[in-house]
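Take a look at the structure below.
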Amino acid sequence: MVTSRQWLIDGRPRGRAVREDDFKLVETEIDAPGEGEMLLKTRYLAFDPAQKGWMENIADYVAPTEIGDVMRGSAISEVVESRGGKFDKGTVVVGSTGWTEYQVSDGSELTPVSDELPPTAMMSVLGTTGMTAYCGLFKVGKPVAGDTVLVSGAAGATGSVVGQLAKLSGCRAVGIAGGADKCRWLVQEAGYDAAIDYKNDDVRKKIGEHCPGGVDVVFDNVGGKILDDMLAHIATKARVVVCGGISRYETGDMPAGPQNYFNLIFRRARMEGFIVIDWAAEFPAIRKRMAGFVKDGKLSYQEDIQHGFENAPRTMQRLFTGANRGKQLLEL
Ligand SMILES: NC(=O)c1ccc[n+]([C@@H]2O[C@H](COP(=O)([O-])OP(=O)(O)OC[C@H]3O[C@@H](n4cnc5c(N)ncnc54)[C@H](OP(=O)(O)O)[C@@H]3O)[C@@H](O)[C@H]2O)c1
């Protein structure tokens, strides 16, 4: 038996910002693993804007959550005891194990971390984030060399990878992010051709200046007014990839739709949403390819590592204030 702290869901932050009191910290006794099971000790938690939607039960691609459930989320854990379980003691694994310090598992939903990059990469560039960038861009956006690719939320974990993959495919990449620092980083470090600061620039005007021939692929992580501004500049036969809409995650039940959607008609364009897990069977192959890009120095990624299990709710809030620099992680 081991004592484990756990964060439980204690509120539904629908139509507002997520608050610390939407969570409750408890201590629970975890039973020793049985035959064929393992005791896992969590090392890192990963944070994704979608977790807010899971607390609100607005997403139907995952099972609903209940008040009192352990907060759902991905984590890297170490097997600290194995009683003939799927993995040996000492194996480091990744899975959706939630906000708990310890847990018992049969290993069925766990993947050992890749030894090609540091373990945390399995939650950033080789994890859901990297897979989202890759699948959203290539399977939905379908860029061809010479295209202009415009990315919102460009300095984030997903967006920064999208821009680099676009460049690797011979495209021009333009990013939209909040603040001069992030925009400087996009151009100087992440290899974007140009960056637009949505907090200080006239976004619609700047897109026109940076994308004079129109935008062939829009990769939208933000929604709202920024999506409208991007739709105003799509090229003929553009592909608008709807990855996320973080500007709307704190607004009411029915945010207004895009005003500029008529441009989809005028430009004979396509707008398509996706859920990355639909390509889960391809993740091992994509992961190998992405690891190769990183090792060859063609793809860089940022991780923002906070510390302390007690800081999990505050760490999640960082995604919605833009405080995070790259993939938001928490080391326990
Ligand atoms: N479709 C899928 O299968 C799938 C899978 C995973 C993730 N996603 C989506 O991908 C997007 C990016 O996720 P991520 O994990 O990579 O997070 P992230 O981009 O690393 O972090 C979120 C960023 O969003 C920006 N942001 C926050 N509030 C904003 C607002 N009101 N307006 C404009 N920008 C705002 C902030 O950057 P600034 O400082 O630039 O504002 C913040 O750093 C999210 O929309 C997420 O839901 C989709």
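Numbering starts fresh at 1 for the residues of each chain in the structure tokens, the chains themselves are lettered A, B, ... in the order given, and ligands are numbered from 1 as they appear.
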Could you list, with a cut-off of 6 Å and counting only C-alpha atoms and all ligand atoms, the residues of chain A near ligand 1, each shown with its nearest atom pair and the distance in Å rounded to one decimal, rows sorted by chain and ascending number, as a Markdown table?
```
| residue | atom | partner | partner_atom_place_in_ligand_line | distance |
| --- | --- | --- | --- | --- |
| A:Asp48 | CA | ligand 1 | 15 (O) | 4.4 |
| A:Pro49 | CA | ligand 1 | 47 (O) | 4.7 |
| A:Ala50 | CA | ligand 1 | 47 (O) | 4.8 |
| A:Thr129 | CA | ligand 1 | 6 (C) | 5.6 |
| A:Thr132 | CA | ligand 1 | 5 (C) | 5.2 |
| A:Gly153 | CA | ligand 1 | 40 (O) | 5.0 |
| A:Ala155 | CA | ligand 1 | 40 (O) | 5.8 |
| A:Gly156 | CA | ligand 1 | 19 (O) | 3.2 |
| A:Ala157 | CA | ligand 1 | 20 (O) | 3.8 |
| A:Thr158 | CA | ligand 1 | 16 (O) | 3.7 |
| A:Ala177 | CA | ligand 1 | 40 (O) | 3.6 |
| A:Gly178 | CA | ligand 1 | 40 (O) | 3.7 |
| A:Asn221 | CA | ligand 1 | 45 (O) | 4.2 |
| A:Val222 | CA | ligand 1 | 33 (C) | 5.3 |
| A:Cys243 | CA | ligand 1 | 1 (N) | 4.1 |
| A:Gly244 | CA | ligand 1 | 45 (O) | 3.3 |
| A:Gly245 | CA | ligand 1 | 45 (O) | 4.7 |
| A:Ile246 | CA | ligand 1 | 45 (O) | 4.5 |
| A:Ser247 | CA | ligand 1 | 31 (N) | 3.4 |
| A:Phe274 | CA | ligand 1 | 1 (N) | 5.0 |
| A:Ile275 | CA | ligand 1 | 3 (O) | 3.5 |
| A:Val276 | CA | ligand 1 | 3 (O) | 3.8 |
| A:Leu319 | CA | ligand 1 | 22 (C) | 4.5 |
| A:Phe320 | CA | ligand 1 | 27 (C) | 4.2 |
| A:Thr321 | CA | ligand 1 | 27 (C) | 5.4 |
| A:Gly322 | CA | ligand 1 | 43 (O) | 3.6 |
| A:Ala323 | CA | ligand 1 | 43 (O) | 6.0 |
| A:Asn324 | CA | ligand 1 | 43 (O) | 5.0 |
| A:Gly326 | CA | ligand 1 | 20 (O) | 5.1 |
| A:Lys327 | CA | ligand 1 | 20 (O) | 5.1 |
```
Next, write the just-selected residues to a file, as a PDB file, in the first residue's frame, keeping N, CA and C atoms as the atom set.
```pdb
ATOM      1  N   ASP A  48      -2.720  19.926 -21.989  1.00  0.00           N
ATOM      2  CA  ASP A  48      -3.269  20.186 -23.310  1.00  0.00           C
ATOM      3  C   ASP A  48      -4.523  21.032 -23.119  1.00  0.00           C
ATOM      4  N   PRO A  49      -4.726  22.050 -23.968  1.00  0.00           N
ATOM      5  CA  PRO A  49      -5.937  22.878 -23.823  1.00  0.00           C
ATOM      6  C   PRO A  49      -7.222  22.042 -23.821  1.00  0.00           C
ATOM      7  N   ALA A  50      -7.211  20.898 -24.502  1.00  0.00           N
ATOM      8  CA  ALA A  50      -8.423  20.062 -24.585  1.00  0.00           C
ATOM      9  C   ALA A  50      -8.864  19.547 -23.213  1.00  0.00           C
ATOM     10  N   THR A 129       1.156  16.136 -29.288  1.00  0.00           N
ATOM     11  CA  THR A 129       1.402  17.450 -29.887  1.00  0.00           C
ATOM     12  C   THR A 129       2.078  17.329 -31.254  1.00  0.00           C
ATOM     13  N   THR A 132      -0.194  15.767 -33.726  1.00  0.00           N
ATOM     14  CA  THR A 132      -1.241  16.705 -34.165  1.00  0.00           C
ATOM     15  C   THR A 132      -0.696  17.621 -35.255  1.00  0.00           C
ATOM     16  N   GLY A 153      -1.622  30.477 -33.187  1.00  0.00           N
ATOM     17  CA  GLY A 153      -1.045  29.777 -32.031  1.00  0.00           C
ATOM     18  C   GLY A 153       0.328  29.251 -32.403  1.00  0.00           C
ATOM     19  N   ALA A 155       3.490  29.953 -31.853  1.00  0.00           N
ATOM     20  CA  ALA A 155       4.630  29.748 -30.958  1.00  0.00           C
ATOM     21  C   ALA A 155       4.365  28.640 -29.946  1.00  0.00           C
ATOM     22  N   GLY A 156       3.174  28.058 -29.979  1.00  0.00           N
ATOM     23  CA  GLY A 156       2.831  26.998 -29.038  1.00  0.00           C
ATOM     24  C   GLY A 156       3.480  25.675 -29.439  1.00  0.00           C
ATOM     25  N   ALA A 157       3.209  24.668 -28.635  1.00  0.00           N
ATOM     26  CA  ALA A 157       3.837  23.365 -28.851  1.00  0.00           C
ATOM     27  C   ALA A 157       3.473  22.810 -30.223  1.00  0.00           C
ATOM     28  N   THR A 158       2.210  22.878 -30.580  1.00  0.00           N
ATOM     29  CA  THR A 158       1.774  22.339 -31.870  1.00  0.00           C
ATOM     30  C   THR A 158       2.197  23.275 -33.006  1.00  0.00           C
ATOM     31  N   ALA A 177       1.264  34.927 -33.279  1.00  0.00           N
ATOM     32  CA  ALA A 177       1.438  34.608 -31.853  1.00  0.00           C
ATOM     33  C   ALA A 177       1.314  35.884 -31.033  1.00  0.00           C
ATOM     34  N   GLY A 178       1.236  35.700 -29.715  1.00  0.00           N
ATOM     35  CA  GLY A 178       1.020  36.838 -28.828  1.00  0.00           C
ATOM     36  C   GLY A 178       2.309  37.401 -28.262  1.00  0.00           C
ATOM     37  N   ASN A 221      -5.278  27.140 -34.658  1.00  0.00           N
ATOM     38  CA  ASN A 221      -5.330  26.648 -33.282  1.00  0.00           C
ATOM     39  C   ASN A 221      -6.169  27.547 -32.385  1.00  0.00           C
ATOM     40  N   VAL A 222      -6.677  28.662 -32.947  1.00  0.00           N
ATOM     41  CA  VAL A 222      -7.175  29.744 -32.090  1.00  0.00           C
ATOM     42  C   VAL A 222      -8.659  30.066 -32.298  1.00  0.00           C
ATOM     43  N   CYS A 243      -7.714  22.869 -36.225  1.00  0.00           N
ATOM     44  CA  CYS A 243      -7.061  22.029 -35.212  1.00  0.00           C
ATOM     45  C   CYS A 243      -7.637  22.309 -33.838  1.00  0.00           C
ATOM     46  N   GLY A 244      -7.795  23.574 -33.494  1.00  0.00           N
ATOM     47  CA  GLY A 244      -8.325  23.959 -32.183  1.00  0.00           C
ATOM     48  C   GLY A 244      -8.847  25.375 -32.232  1.00  0.00           C
ATOM     49  N   GLY A 245      -9.382  25.831 -31.119  1.00  0.00           N
ATOM     50  CA  GLY A 245      -9.946  27.186 -31.068  1.00  0.00           C
ATOM     51  C   GLY A 245      -9.782  27.776 -29.681  1.00  0.00           C
ATOM     52  N   ILE A 246      -8.529  27.880 -29.231  1.00  0.00           N
ATOM     53  CA  ILE A 246      -8.302  28.205 -27.811  1.00  0.00           C
ATOM     54  C   ILE A 246      -8.892  29.551 -27.404  1.00  0.00           C
ATOM     55  N   SER A 247      -9.066  30.488 -28.346  1.00  0.00           N
ATOM     56  CA  SER A 247      -9.641  31.786 -27.956  1.00  0.00           C
ATOM     57  C   SER A 247     -11.098  31.627 -27.535  1.00  0.00           C
ATOM     58  N   PHE A 274     -10.273  17.936 -37.459  1.00  0.00           N
ATOM     59  CA  PHE A 274      -9.739  16.569 -37.288  1.00  0.00           C
ATOM     60  C   PHE A 274      -9.498  16.292 -35.813  1.00  0.00           C
ATOM     61  N   ILE A 275      -9.467  15.029 -35.475  1.00  0.00           N
ATOM     62  CA  ILE A 275      -9.053  14.577 -34.141  1.00  0.00           C
ATOM     63  C   ILE A 275      -7.870  13.646 -34.365  1.00  0.00           C
ATOM     64  N   VAL A 276      -6.759  13.980 -33.774  1.00  0.00           N
ATOM     65  CA  VAL A 276      -5.507  13.310 -34.119  1.00  0.00           C
ATOM     66  C   VAL A 276      -5.537  11.807 -33.842  1.00  0.00           C
ATOM     67  N   LEU A 319      -1.605  27.659 -20.069  1.00  0.00           N
ATOM     68  CA  LEU A 319      -1.943  27.496 -21.488  1.00  0.00           C
ATOM     69  C   LEU A 319      -2.896  28.591 -21.965  1.00  0.00           C
ATOM     70  N   PHE A 320      -3.747  29.054 -21.054  1.00  0.00           N
ATOM     71  CA  PHE A 320      -4.804  29.985 -21.454  1.00  0.00           C
ATOM     72  C   PHE A 320      -4.389  31.446 -21.281  1.00  0.00           C
ATOM     73  N   THR A 321      -3.247  31.668 -20.625  1.00  0.00           N
ATOM     74  CA  THR A 321      -2.730  33.041 -20.518  1.00  0.00           C
ATOM     75  C   THR A 321      -1.557  33.236 -21.479  1.00  0.00           C
ATOM     76  N   GLY A 322      -1.138  32.150 -22.138  1.00  0.00           N
ATOM     77  CA  GLY A 322       0.004  32.246 -23.050  1.00  0.00           C
ATOM     78  C   GLY A 322       1.335  32.269 -22.306  1.00  0.00           C
ATOM     79  N   ALA A 323       1.336  31.903 -21.009  1.00  0.00           N
ATOM     80  CA  ALA A 323       2.591  31.921 -20.240  1.00  0.00           C
ATOM     81  C   ALA A 323       3.531  30.812 -20.690  1.00  0.00           C
ATOM     82  N   ASN A 324       2.986  29.740 -21.253  1.00  0.00           N
ATOM     83  CA  ASN A 324       3.837  28.604 -21.624  1.00  0.00           C
ATOM     84  C   ASN A 324       4.716  28.913 -22.828  1.00  0.00           C
ATOM     85  N   GLY A 326       6.324  26.660 -25.379  1.00  0.00           N
ATOM     86  CA  GLY A 326       6.415  25.295 -25.880  1.00  0.00           C
ATOM     87  C   GLY A 326       5.537  24.357 -25.082  1.00  0.00           C
ATOM     88  N   LYS A 327       5.770  23.067 -25.224  1.00  0.00           N
ATOM     89  CA  LYS A 327       4.906  22.075 -24.588  1.00  0.00           C
ATOM     90  C   LYS A 327       4.897  22.245 -23.076  1.00  0.00           C
TER      91      LYS A 327
END
```
Contacts of Leu165 (chain A) within 12 Å, only C-alpha atoms, excl. fewer than 3 positions in-chain, as a ChimeraX atom specification: /A:125,130-138,141-145,149,151,158-162,168-173,190-192,289-290,293-294,298-301
Just write the chosen residues, N, CA and C atoms, as a tab-separated table (two decimals), in the first residue's frame.
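After the write, part_14.tsv holds the following:
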```
chain	number	residue	atom	x	y	z
A	125	VAL	N	7.26	16.61	-28.85
A	125	VAL	CA	7.41	16.46	-30.31
A	125	VAL	C	7.06	15.04	-30.80
A	130	GLY	N	3.17	16.59	-31.29
A	130	GLY	CA	3.88	16.42	-32.56
A	130	GLY	C	3.02	15.68	-33.58
A	131	MET	N	2.26	14.69	-33.10
A	131	MET	CA	1.39	13.93	-34.01
A	131	MET	C	0.29	14.85	-34.57
A	132	THR	N	-0.19	15.77	-33.73
A	132	THR	CA	-1.24	16.71	-34.16
A	132	THR	C	-0.70	17.62	-35.25
A	133	ALA	N	0.51	18.13	-35.04
A	133	ALA	CA	1.12	19.00	-36.04
A	133	ALA	C	1.29	18.25	-37.36
A	134	TYR	N	1.83	17.04	-37.27
A	134	TYR	CA	2.13	16.26	-38.47
A	134	TYR	C	0.85	15.87	-39.22
A	135	CYS	N	-0.10	15.28	-38.48
A	135	CYS	CA	-1.31	14.76	-39.14
A	135	CYS	C	-2.19	15.91	-39.63
A	136	GLY	N	-2.31	16.95	-38.82
A	136	GLY	CA	-3.14	18.09	-39.24
A	136	GLY	C	-2.58	18.73	-40.49
A	137	LEU	N	-1.26	18.89	-40.51
A	137	LEU	CA	-0.66	19.56	-41.68
A	137	LEU	C	-0.70	18.66	-42.91
A	138	PHE	N	-0.18	17.44	-42.78
A	138	PHE	CA	0.00	16.62	-43.99
A	138	PHE	C	-1.28	15.91	-44.43
A	141	GLY	N	-4.14	19.43	-44.29
A	141	GLY	CA	-3.70	20.62	-45.03
A	141	GLY	C	-3.08	20.30	-46.38
A	142	LYS	N	-2.47	19.14	-46.49
A	142	LYS	CA	-1.85	18.67	-47.74
A	142	LYS	C	-1.05	19.77	-48.47
A	143	PRO	N	-0.01	20.27	-47.82
A	143	PRO	CA	0.77	21.33	-48.47
A	143	PRO	C	1.62	20.79	-49.62
A	144	VAL	N	1.87	21.63	-50.61
A	144	VAL	CA	2.84	21.27	-51.65
A	144	VAL	C	3.90	22.37	-51.69
A	145	ALA	N	5.08	22.01	-52.17
A	145	ALA	CA	6.18	22.97	-52.19
A	145	ALA	C	5.73	24.25	-52.87
A	149	VAL	N	1.85	28.73	-45.91
A	149	VAL	CA	1.14	28.11	-44.78
A	149	VAL	C	1.07	29.14	-43.64
A	151	VAL	N	-0.16	29.91	-39.75
A	151	VAL	CA	-0.45	29.14	-38.53
A	151	VAL	C	-0.81	30.10	-37.39
A	158	THR	N	2.21	22.88	-30.58
A	158	THR	CA	1.77	22.34	-31.87
A	158	THR	C	2.20	23.28	-33.01
A	159	GLY	N	1.87	24.56	-32.84
A	159	GLY	CA	2.10	25.52	-33.92
A	159	GLY	C	3.55	25.64	-34.32
A	160	SER	N	4.46	25.56	-33.36
A	160	SER	CA	5.88	25.73	-33.71
A	160	SER	C	6.37	24.56	-34.55
A	161	VAL	N	5.80	23.38	-34.31
A	161	VAL	CA	6.18	22.20	-35.11
A	161	VAL	C	5.56	22.29	-36.50
A	162	VAL	N	4.32	22.78	-36.58
A	162	VAL	CA	3.66	22.90	-37.89
A	162	VAL	C	4.50	23.77	-38.83
A	168	LEU	N	10.11	22.38	-44.01
A	168	LEU	CA	10.78	21.17	-44.52
A	168	LEU	C	10.14	20.68	-45.82
A	169	SER	N	8.89	21.07	-46.04
A	169	SER	CA	8.18	20.65	-47.25
A	169	SER	C	8.29	21.68	-48.36
A	170	GLY	N	9.15	22.67	-48.15
A	170	GLY	CA	9.38	23.66	-49.21
A	170	GLY	C	8.33	24.75	-49.26
A	171	CYS	N	7.62	24.95	-48.16
A	171	CYS	CA	6.59	25.99	-48.12
A	171	CYS	C	7.13	27.25	-47.46
A	172	ARG	N	6.36	28.32	-47.60
A	172	ARG	CA	6.63	29.54	-46.86
A	172	ARG	C	5.74	29.49	-45.62
A	173	ALA	N	6.30	29.80	-44.45
A	173	ALA	CA	5.53	29.69	-43.21
A	173	ALA	C	5.41	31.05	-42.53
A	190	ALA	N	12.53	29.27	-34.63
A	190	ALA	CA	11.68	28.22	-35.18
A	190	ALA	C	11.65	28.23	-36.71
A	191	GLY	N	12.30	29.20	-37.32
A	191	GLY	CA	12.46	29.17	-38.78
A	191	GLY	C	11.27	29.67	-39.58
A	192	TYR	N	10.32	30.30	-38.92
A	192	TYR	CA	9.21	30.91	-39.67
A	192	TYR	C	9.76	32.03	-40.54
A	289	ARG	N	9.85	9.07	-37.89
A	289	ARG	CA	10.21	10.10	-38.87
A	289	ARG	C	10.55	11.42	-38.15
A	290	MET	N	9.70	11.77	-37.18
A	290	MET	CA	9.92	13.03	-36.45
A	290	MET	C	11.21	12.97	-35.63
A	293	PHE	N	14.02	13.72	-37.87
A	293	PHE	CA	14.16	15.16	-38.15
A	293	PHE	C	14.89	15.85	-37.00
A	294	VAL	N	14.51	15.48	-35.76
A	294	VAL	CA	15.13	16.15	-34.60
A	294	VAL	C	16.62	15.80	-34.55
A	298	LYS	N	16.91	19.10	-38.06
A	298	LYS	CA	15.95	19.77	-38.96
A	298	LYS	C	14.71	20.25	-38.23
A	299	LEU	N	14.51	19.75	-37.02
A	299	LEU	CA	13.30	20.08	-36.26
A	299	LEU	C	13.68	20.31	-34.81
A	300	SER	N	13.31	21.49	-34.28
A	300	SER	CA	13.59	21.72	-32.86
A	300	SER	C	12.25	21.85	-32.12
A	301	TYR	N	12.30	21.62	-30.83
A	301	TYR	CA	11.06	21.72	-30.05
A	301	TYR	C	11.38	22.30	-28.68
```
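Every protein or nucleic acid residue with an atom no more than 6 Å from region 70-86 of chain A, counting only C-alpha atoms and leaving out same-chain residues fewer than 6 positions away, appears here: Trp7, Leu8, Ile9, Glu35, Gly36, Glu37, Met38, Leu39, Leu40, Lys41, Thr42, Arg43, Tyr44, Leu45, Ala46, Val92, Val93, Val94, Gly95, Ser96, Thr97, Gly98, Trp99 and Gly107 of chain A.
Proximity to Ile67 (chain A) was assessed for A:Gly273, A:Gly34, A:Gly163, A:Gly11 counting only C-alpha atoms; the smallest distance is recorded for A:Gly11.
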Rounded to one decimal, what separation in Å do you get between CA of Lys237 (chain A) and CA of Arg268 (chain A)? 5.2 Å
Leu117 (chain A) environment, 9 Å, only C-alpha atoms, sequence neighbours closer than 4 positions dropped, as a ChimeraX atom specification: /A:113,121-122,126,291,294-295
Selection to disk with C-alpha atoms, as a short mmCIF file (atom, residue, chain, number, x, y, z; two decimals), in the first residue's frame:
```cif
data_model
loop_
_atom_site.label_atom_id
_atom_site.label_comp_id
_atom_site.auth_asym_id
_atom_site.auth_seq_id
_atom_site.Cartn_x
_atom_site.Cartn_y
_atom_site.Cartn_z
CA VAL A 113 9.16 5.85 -24.09
CA ALA A 121 9.77 14.14 -26.01
CA MET A 122 7.11 11.41 -25.87
CA LEU A 126 6.92 12.66 -30.36
CA ALA A 291 12.71 11.67 -34.23
CA VAL A 294 15.13 16.15 -34.60
CA LYS A 295 18.33 14.08 -34.61
#
```
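Among A:Arg248, A:Lys89, A:Arg16, A:Arg267, the residue with the shortest atom-to-atom distance to Lys225 (chain A), counting only C-alpha atoms, is A:Arg248.
CA of Leu231 (chain A) lies 6.9 Å from CA of Tyr261 (chain A).
Atom to atom, CA of Ala281 (chain A) and CA of Thr128 (chain A) stand 12.7 Å apart.
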Could you list, as a tab-separated table (two decimals) with C-alpha atoms, in the first residue's frame, every residue within 10 Å of Asp201 (chain A), counting only C-alpha atoms and ignoring same-chain residues fewer than 4 positions away?
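Now in around-v1.tsv:
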```tsv
chain	number	residue	atom	x	y	z
A	176	ILE	CA	0.60	34.44	-35.58
A	178	GLY	CA	1.02	36.84	-28.83
A	179	GLY	CA	3.80	39.31	-28.08
A	180	ALA	CA	7.07	40.53	-29.57
A	196	ILE	CA	2.48	38.56	-36.70
A	197	ASP	CA	1.88	39.72	-33.12
A	205	LYS	CA	-3.52	43.90	-42.65
A	206	LYS	CA	-0.28	42.12	-41.72
```
Mind listing the strand (DSSP E) residues of region 65-272 of chain A, per DSSP on the backbone, as a ChimeraX atom specification? /A:75-82,92-95,102-105,111-112,148-152,172-177,194-197,215-220,234-242,270-272
What would the file look like if the residues just selected were written as a short mmCIF file (atom, residue, chain, number, x, y, z; two decimals), in the first residue's frame with N, CA and C atoms?
```cif
data_model
loop_
_atom_site.label_atom_id
_atom_site.label_comp_id
_atom_site.auth_asym_id
_atom_site.auth_seq_id
_atom_site.Cartn_x
_atom_site.Cartn_y
_atom_site.Cartn_z
N ALA A 75 0.77 11.37 -18.94
CA ALA A 75 1.88 11.43 -17.99
C ALA A 75 2.97 10.45 -18.39
N ILE A 76 4.17 10.76 -17.93
CA ILE A 76 5.28 9.82 -18.03
C ILE A 76 5.49 9.24 -16.63
N SER A 77 5.54 7.94 -16.54
CA SER A 77 5.69 7.28 -15.24
C SER A 77 6.80 6.24 -15.32
N GLU A 78 7.25 5.86 -14.12
CA GLU A 78 8.26 4.81 -14.05
C GLU A 78 7.64 3.60 -13.33
N VAL A 79 7.91 2.45 -13.84
CA VAL A 79 7.45 1.24 -13.17
C VAL A 79 8.34 1.03 -11.94
N VAL A 80 7.75 1.18 -10.73
CA VAL A 80 8.58 1.03 -9.52
C VAL A 80 8.41 -0.35 -8.89
N GLU A 81 7.38 -1.08 -9.33
CA GLU A 81 7.21 -2.46 -8.87
C GLU A 81 6.44 -3.20 -9.96
N SER A 82 6.89 -4.38 -10.29
CA SER A 82 6.18 -5.16 -11.30
C SER A 82 6.00 -6.58 -10.79
N VAL A 92 10.29 3.13 -18.25
CA VAL A 92 9.61 4.43 -18.27
C VAL A 92 8.56 4.39 -19.38
N VAL A 93 7.33 4.73 -18.99
CA VAL A 93 6.20 4.56 -19.92
C VAL A 93 5.40 5.86 -20.02
N VAL A 94 4.63 5.96 -21.08
CA VAL A 94 3.75 7.12 -21.26
C VAL A 94 2.33 6.62 -21.46
N GLY A 95 1.36 7.38 -20.95
CA GLY A 95 -0.04 6.99 -21.11
C GLY A 95 -0.95 8.01 -20.46
N TYR A 102 0.84 8.11 -7.82
CA TYR A 102 1.04 6.66 -8.03
C TYR A 102 -0.22 6.07 -8.62
N GLN A 103 -0.07 4.95 -9.32
CA GLN A 103 -1.25 4.16 -9.67
C GLN A 103 -0.85 2.76 -10.08
N VAL A 104 -1.84 1.86 -9.98
CA VAL A 104 -1.61 0.47 -10.37
C VAL A 104 -2.17 0.29 -11.78
N SER A 105 -1.43 -0.42 -12.62
CA SER A 105 -1.86 -0.59 -14.01
C SER A 105 -1.51 -1.99 -14.50
N THR A 111 2.69 2.93 -23.28
CA THR A 111 3.72 2.74 -24.30
C THR A 111 5.07 3.06 -23.67
N PRO A 112 6.06 2.20 -23.83
CA PRO A 112 7.39 2.56 -23.32
C PRO A 112 7.92 3.78 -24.08
N THR A 148 1.97 28.81 -49.34
CA THR A 148 2.11 29.63 -48.13
C THR A 148 1.23 29.02 -47.05
N VAL A 149 1.85 28.73 -45.91
CA VAL A 149 1.14 28.11 -44.78
C VAL A 149 1.07 29.14 -43.64
N LEU A 150 -0.12 29.43 -43.19
CA LEU A 150 -0.33 30.42 -42.12
C LEU A 150 -0.85 29.70 -40.88
N VAL A 151 -0.16 29.91 -39.75
CA VAL A 151 -0.45 29.14 -38.53
C VAL A 151 -0.81 30.10 -37.39
N SER A 152 -1.95 29.87 -36.74
CA SER A 152 -2.26 30.64 -35.52
C SER A 152 -1.81 29.82 -34.31
N ARG A 172 6.36 28.32 -47.60
CA ARG A 172 6.63 29.54 -46.86
C ARG A 172 5.74 29.49 -45.62
N ALA A 173 6.30 29.80 -44.45
CA ALA A 173 5.53 29.69 -43.21
C ALA A 173 5.41 31.05 -42.53
N VAL A 174 4.18 31.42 -42.22
CA VAL A 174 3.91 32.67 -41.51
C VAL A 174 3.14 32.31 -40.25
N GLY A 175 3.57 32.85 -39.11
CA GLY A 175 2.94 32.49 -37.84
C GLY A 175 2.30 33.68 -37.16
N ILE A 176 1.26 33.40 -36.38
CA ILE A 176 0.60 34.44 -35.58
C ILE A 176 0.74 34.02 -34.11
N ALA A 177 1.26 34.93 -33.28
CA ALA A 177 1.44 34.61 -31.85
C ALA A 177 1.31 35.88 -31.03
N ALA A 194 7.97 34.74 -41.37
CA ALA A 194 7.47 36.00 -40.82
C ALA A 194 6.53 35.68 -39.67
N ALA A 195 6.38 36.64 -38.76
CA ALA A 195 5.49 36.44 -37.62
C ALA A 195 4.64 37.69 -37.40
N ILE A 196 3.43 37.47 -36.95
CA ILE A 196 2.48 38.56 -36.70
C ILE A 196 2.09 38.50 -35.22
N ASP A 197 2.19 39.64 -34.55
CA ASP A 197 1.88 39.72 -33.12
C ASP A 197 0.41 40.14 -32.97
N VAL A 215 -3.19 32.75 -48.90
CA VAL A 215 -2.74 31.66 -48.03
C VAL A 215 -3.29 30.33 -48.57
N ASP A 216 -2.40 29.38 -48.82
CA ASP A 216 -2.83 28.08 -49.36
C ASP A 216 -3.29 27.13 -48.26
N VAL A 217 -2.57 27.17 -47.13
CA VAL A 217 -2.96 26.30 -46.00
C VAL A 217 -3.06 27.17 -44.75
N VAL A 218 -4.26 27.19 -44.16
CA VAL A 218 -4.43 27.82 -42.84
C VAL A 218 -4.42 26.70 -41.82
N PHE A 219 -3.61 26.83 -40.77
CA PHE A 219 -3.62 25.84 -39.67
C PHE A 219 -4.06 26.61 -38.44
N ASP A 220 -5.31 26.41 -38.04
CA ASP A 220 -5.88 27.25 -36.99
C ASP A 220 -5.95 26.55 -35.65
N ILE A 234 -7.52 33.76 -47.78
CA ILE A 234 -7.23 32.44 -48.37
C ILE A 234 -7.11 32.54 -49.89
N ALA A 235 -6.24 31.70 -50.42
CA ALA A 235 -6.03 31.63 -51.87
C ALA A 235 -7.06 30.66 -52.47
N THR A 236 -7.16 30.66 -53.78
CA THR A 236 -8.03 29.71 -54.46
C THR A 236 -7.60 28.28 -54.11
N LYS A 237 -8.57 27.45 -53.80
CA LYS A 237 -8.35 26.04 -53.43
C LYS A 237 -7.59 25.88 -52.10
N ALA A 238 -7.72 26.88 -51.24
CA ALA A 238 -7.04 26.80 -49.93
C ALA A 238 -7.62 25.66 -49.09
N ARG A 239 -6.80 25.16 -48.17
CA ARG A 239 -7.24 24.16 -47.19
C ARG A 239 -7.13 24.81 -45.80
N VAL A 240 -8.28 24.88 -45.13
CA VAL A 240 -8.31 25.48 -43.79
C VAL A 240 -8.41 24.35 -42.77
N VAL A 241 -7.33 24.14 -42.04
CA VAL A 241 -7.26 23.03 -41.09
C VAL A 241 -7.73 23.54 -39.71
N VAL A 242 -8.83 22.98 -39.23
CA VAL A 242 -9.34 23.41 -37.91
C VAL A 242 -8.79 22.44 -36.86
N ARG A 270 -11.58 24.59 -48.88
CA ARG A 270 -12.08 23.51 -48.02
C ARG A 270 -11.68 23.80 -46.58
N MET A 271 -12.61 23.58 -45.66
CA MET A 271 -12.32 23.77 -44.23
C MET A 271 -12.63 22.45 -43.55
N GLU A 272 -11.67 21.91 -42.79
CA GLU A 272 -11.87 20.56 -42.24
C GLU A 272 -11.26 20.43 -40.85
#
```
Tell me which protein, DNA and RNA residues are within 7 Å of Arg325 (chain A), counting only C-alpha atoms, leaving out same-chain ones fewer than 5 positions away, and put them as an NGL selection string. :A and (156 or 302-304)
In terms of the shortest atom-to-atom distance over only C-alpha atoms, which of A:Tyr249, A:Ala256, A:Lys139, A:Leu227 is closest to Asp278 (chain A)? A:Lys139
